[in-house]
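Note sheet for the following structure.
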Amino acid sequence: MSDKIKDDGGVGYKTVGYTEVTAYETTIQQSLDSEKAPGLFTWWSGDKLKKLVDNDLVVDLSKEWKAYYEKEGVNPGLADAFTIDGKVYAAPFSVLYNGILYNKHLFDKYNLKIPETWDDFIKVCDTLKANKIDPIGLKNDPWASFLWFQTLIASYNPDLYVGLTNGTIKYTDPEMEKVMKMWQKMIKKGYFGEPVDPASQVKMFSTDKSAMIYEPTVTSTTLKKEYNMEPGKDFDVFVAPSVTADQKKVIFFEAAPIVVSKKSKQSADAKKVLQSFYKKDVQQIFVDEAGVINTNKTKSDDPVNGGFVKEAADTNKYSVMVRYYEATPIEVVNVATDELWKFFYSPTDAMIDDTLNTIQKAADKAFK
């Protein structure tokens with residue numbers, strides 16, 4: 001991708017990766033106030049991006065959106081995820097849609113179909129558990145505790161999710177206790193496997209140890225390249241069913257922003273790189289190698305990943321929402337991710353009350 005960009009605009013880029021989130025955040029934040037800051041860096045939308053904007057650390061890219069990104073097929077609606085006080089401060093590094101990947105061998109073996117209702121989903125889990133298969137594989141990343149929390153809330157009532165993330169509904173609302181009871185029942189029935197590291201989670205899925213994982217559909221690329229699983233044949237994807245019959249299903253997405261550091265000596269070159277980043281031949285490499293689909297001018301022959309991105313565009317069937325991590329103030333997220341893991345490992349009635357009350361205290365401060 002860098003070579004293509006260099007051919008187009010004269011400036012390429014070098015990628016520096018980190019294996020641990022906290023180390024990455026710390027390194028970036030310590031450098032941003034100096035010219036040694038990286039010209040481009042990936043970040044998070046929502047509250048974390050706003051903090052950088054409030055401290056005047058990132059460049060306003062509003063003009064670039066109209067002049068370059070949208071012209072190359074980036075969805076204009078994505079700008080909303082990066083807009084603060086009417087200005088756009090990031091471009092999409094990757095737009096990932098989350099769904100429930102399911103192992104087709106296991107579903108076929110036990111005569112299971114894609115669940116259309118919540119009762120169907122519970123029956124699928126019961127059948128798998130009865131046959132000593134982990135219905136749902138989990139990863140033990142510290143931040144990942146919210147994944148099924150957000151899914152269950154949105155399946156129960158999307159408006160409840162929206163109110164929770166914008167502060168108009170409290171975590172202590174009686175409806176939230178009902179959602180936690182749903183989760184409690186699933187945990188106690190053994191629907192979730194023991195949380196493991198992300199690589200092991202995917203490996204267990206590929207070796208028929210677990211039947212479902214809730215992940216971005218871009219995981220399809222990893223399953224194909226590293227585990228020889230054929231998308232559409234060995235595994236596929238579905239959206240979590242709604243608890244209420246006449247309710248739209250919810251698809252969560254995460255739009256990872258790439259931002260330009262304002263004080264970096266590379267700032268001007270960084271803007272040049274982004275001007276070429278969304279060119280069709282550049283983005284097609286991203287699709288082919290990583291499965292990341294950022295523009296409508298690229299093509300994907302992956303029926304799971306590419307097919308799901310197209311499916312998510314059907315507004316008659318689905319509501320598309322920003323995932324909890326980005327939609328919620330970071331002070332609340334930090335408390336919630338800790339508390340939700342505590343609840344997962346000790347899903348008692350008392351812990352439901354303790355978990356919701358503790359998170360609400362953080363929300364009271366964040367939304368005051």
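Lettering and numbering for the structure tokens are positional, with chains as A, B, ... in the shown order, residues counted from 1 in each chain, and ligands counted from 1 in the shown order.
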Review point. Got a sec: who's within 7 Å of region 59-67 of chain A, counting only C-alpha atoms, leaving out chain neighbours fewer than 3 positions off, as an MDAnalysis selection string?
Key: chainID A and resid 70:71 87:90 260:262
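When the distance limit is 9 Å and only C-alpha atoms are what count, the residues near Pro216 (chain A), minus those fewer than 6 positions from it on the same chain, are Leu96, Tyr97, Asn98, Gly99, Ile100, Leu101, Phe253, Glu254 and Asn305 of chain A.
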**Study point:** Those of region 10-129 of chain A in DSSP helix (DSSP H, G or I), formatted as a PyMOL selection string
**Key:** chain A and resi 21-31+47-54+62-72+76-82+104-109+118-129
Practice item. Identify, on the basis of only C-alpha atoms, every residue whose closest approach to Asn55 (chain A) does not exceed 12 Å; exclude the query and any residue fewer than 5 positions from it along the same chain; express the result as a list in words. Key: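 Neighbouring residues, sequence-local ones excluded: Gln29, Leu32, Asp33, Lys48, Leu49, Lys50, Ser261, Lys262 and Lys263 of chain A.
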What would the file look like if the residues just selected were written as an mmCIF file, in the first residue's frame with all heavy atoms?
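So part-v5.cif came out as:
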data_model
loop_
_atom_site.group_PDB
_atom_site.id
_atom_site.type_symbol
_atom_site.label_atom_id
_atom_site.label_comp_id
_atom_site.auth_asym_id
_atom_site.auth_seq_id
_atom_site.Cartn_x
_atom_site.Cartn_y
_atom_site.Cartn_z
ATOM 1 N N GLN A 29 0.513 9.071 23.525
ATOM 2 C CA GLN A 29 0.155 10.246 24.317
ATOM 3 C C GLN A 29 1.377 11.014 24.812
ATOM 4 O O GLN A 29 1.355 12.234 24.919
ATOM 5 C CB GLN A 29 -0.738 9.824 25.483
ATOM 6 C CG GLN A 29 -2.145 9.430 25.025
ATOM 7 C CD GLN A 29 -2.997 8.829 26.135
ATOM 8 O OE1 GLN A 29 -2.472 8.243 27.083
ATOM 9 N NE2 GLN A 29 -4.308 8.948 26.017
ATOM 10 N N LEU A 32 2.733 13.179 21.634
ATOM 11 C CA LEU A 32 1.879 14.045 20.827
ATOM 12 C C LEU A 32 2.125 15.533 20.994
ATOM 13 O O LEU A 32 1.769 16.327 20.116
ATOM 14 C CB LEU A 32 0.401 13.754 21.125
ATOM 15 C CG LEU A 32 -0.182 12.497 20.480
ATOM 16 C CD1 LEU A 32 -1.653 12.375 20.801
ATOM 17 C CD2 LEU A 32 0.012 12.529 18.966
ATOM 18 N N ASP A 33 2.732 15.925 22.084
ATOM 19 C CA ASP A 33 2.948 17.352 22.324
ATOM 20 C C ASP A 33 4.278 17.840 21.756
ATOM 21 O O ASP A 33 4.728 18.931 22.084
ATOM 22 C CB ASP A 33 2.884 17.633 23.827
ATOM 23 C CG ASP A 33 2.370 19.042 24.127
ATOM 24 O OD1 ASP A 33 1.702 19.607 23.249
ATOM 25 O OD2 ASP A 33 2.674 19.572 25.205
ATOM 26 N N LYS A 48 -12.382 9.279 23.307
ATOM 27 C CA LYS A 48 -10.914 9.315 23.245
ATOM 28 C C LYS A 48 -10.423 10.290 22.177
ATOM 29 O O LYS A 48 -9.427 10.984 22.362
ATOM 30 C CB LYS A 48 -10.350 7.916 22.997
ATOM 31 C CG LYS A 48 -10.354 7.017 24.221
ATOM 32 C CD LYS A 48 -9.524 5.771 23.991
ATOM 33 C CE LYS A 48 -9.426 4.940 25.263
ATOM 34 N NZ LYS A 48 -8.546 3.755 25.099
ATOM 35 N N LEU A 49 -11.126 10.323 21.043
ATOM 36 C CA LEU A 49 -10.758 11.270 19.993
ATOM 37 C C LEU A 49 -11.039 12.698 20.453
ATOM 38 O O LEU A 49 -10.237 13.613 20.204
ATOM 39 C CB LEU A 49 -11.529 10.963 18.713
ATOM 40 C CG LEU A 49 -11.282 11.895 17.524
ATOM 41 C CD1 LEU A 49 -9.814 11.861 17.104
ATOM 42 C CD2 LEU A 49 -12.171 11.511 16.347
ATOM 43 N N LYS A 50 -12.150 12.890 21.127
ATOM 44 C CA LYS A 50 -12.525 14.232 21.592
ATOM 45 C C LYS A 50 -11.457 14.821 22.520
ATOM 46 O O LYS A 50 -11.155 16.019 22.463
ATOM 47 C CB LYS A 50 -13.866 14.190 22.316
ATOM 48 C CG LYS A 50 -14.394 15.569 22.714
ATOM 49 C CD LYS A 50 -15.766 15.480 23.354
ATOM 50 C CE LYS A 50 -16.343 16.862 23.620
ATOM 51 N NZ LYS A 50 -15.482 17.700 24.493
ATOM 52 N N SER A 261 -1.218 13.981 13.384
ATOM 53 C CA SER A 261 -0.716 14.706 14.547
ATOM 54 C C SER A 261 -0.401 16.153 14.169
ATOM 55 O O SER A 261 0.310 16.416 13.199
ATOM 56 C CB SER A 261 0.549 14.014 15.068
ATOM 57 O OG SER A 261 1.144 14.781 16.089
ATOM 58 N N LYS A 262 -0.917 17.100 14.925
ATOM 59 C CA LYS A 262 -0.784 18.514 14.583
ATOM 60 C C LYS A 262 0.627 19.047 14.786
ATOM 61 O O LYS A 262 1.114 19.889 14.027
ATOM 62 C CB LYS A 262 -1.771 19.336 15.424
ATOM 63 C CG LYS A 262 -2.043 20.722 14.886
ATOM 64 C CD LYS A 262 -3.250 21.332 15.556
ATOM 65 C CE LYS A 262 -3.681 22.623 14.867
ATOM 66 N NZ LYS A 262 -4.900 23.189 15.481
ATOM 67 N N LYS A 263 1.329 18.540 15.809
ATOM 68 C CA LYS A 263 2.639 19.088 16.139
ATOM 69 C C LYS A 263 3.799 18.302 15.537
ATOM 70 O O LYS A 263 4.953 18.715 15.634
ATOM 71 C CB LYS A 263 2.786 19.173 17.660
ATOM 72 C CG LYS A 263 1.760 20.105 18.302
ATOM 73 C CD LYS A 263 2.010 20.320 19.770
ATOM 74 C CE LYS A 263 0.973 21.281 20.348
ATOM 75 N NZ LYS A 263 1.203 21.537 21.788
#
Check your understanding: Could you name the residues that touch Thr15 (chain A) at 12 Å or less, counting only C-alpha atoms, but leaving out those on the same chain fewer than 5 positions away, as number ranges by chain?
Key -> A: 1-2, 38-42
**Study point:** Given only C-alpha atoms as the counted atoms, nearest of A:Tyr161, A:Tyr191, A:Tyr324, A:Phe149 to Glu339 (chain A)
**Key:**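 Comparing A:Tyr161, A:Tyr191, A:Tyr324, A:Phe149 against Glu339 (chain A), the winner is A:Phe149.
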Practice item. Could you tell me which of A:Asp301, A:Lys189, A:Gly291, A:Ile169 comes closest to Ala130 (chain A) if we count only C-alpha atoms? Key: A:Lys189
Exercise for review: Give me the residues within 10 Å of Asp269 (chain A) as a PyMOL selection string, counting only C-alpha atoms and dropping any in the same chain fewer than 4 places off.
Suggested key: chain A and resi 9-13+39-40+260+264-265+273-275
Check your understanding: Hey, what's within 6 Å of region 171-185 of chain A if we count only C-alpha atoms and toss same-chain stuff fewer than 5 positions away? As a PyMOL selection string, please?
Key -> chain A and resi 347+356+360
Practice item. Considering only C-alpha atoms, return as an NGL selection string whatever protein or nucleic-acid residues lie within 7 Å of Leu106 (chain A), sequence-local ones (same chain, fewer than 4 positions apart) excluded. Key: :A and (110 or 208 or 211)
Any chance you can output those residues with C-alpha atoms as a compact mmCIF listing (two decimals), in the first residue's frame?
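What ended up in selection19.txt:
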# COMPACT_ATOMS: atom_id res chain seq x y z
CA TYR A 110 -26.33 -31.27 14.99
CA ASP A 208 -14.67 -27.56 16.26
CA ALA A 211 -19.38 -23.25 17.57
Check your understanding: Using only C-alpha atoms, which of the listed residues (A:Pro257, A:Pro158, A:Pro303, A:Pro135) sits closest to Val320 (chain A)?
Key ->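 Between A:Pro257, A:Pro158, A:Pro303, A:Pro135, the residue approaching Val320 (chain A) most closely is A:Pro158.
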**Study point:** Those of region 182-348 of chain A in DSSP strand (DSSP E or B), formatted as an NGL selection string
**Key:** :A and (192 or 196 or 210-216 or 231 or 235-238 or 249-261 or 295 or 318-322)
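The coordinates place CA of Pro142 (chain A) at 11.1 Å from CA of Val196 (chain A).
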**Study point:** Counting only C-alpha atoms, the residue of A:Ala255, A:Ile359, A:Ala312, A:Val239 that sits nearest Asp80 (chain A)
**Key:** A:Ala255
Study note, to complete from the structure: Correct to one decimal, the distance CA of Glu311 (chain A)-CA of Val95 (chain A) is 14.3 Å
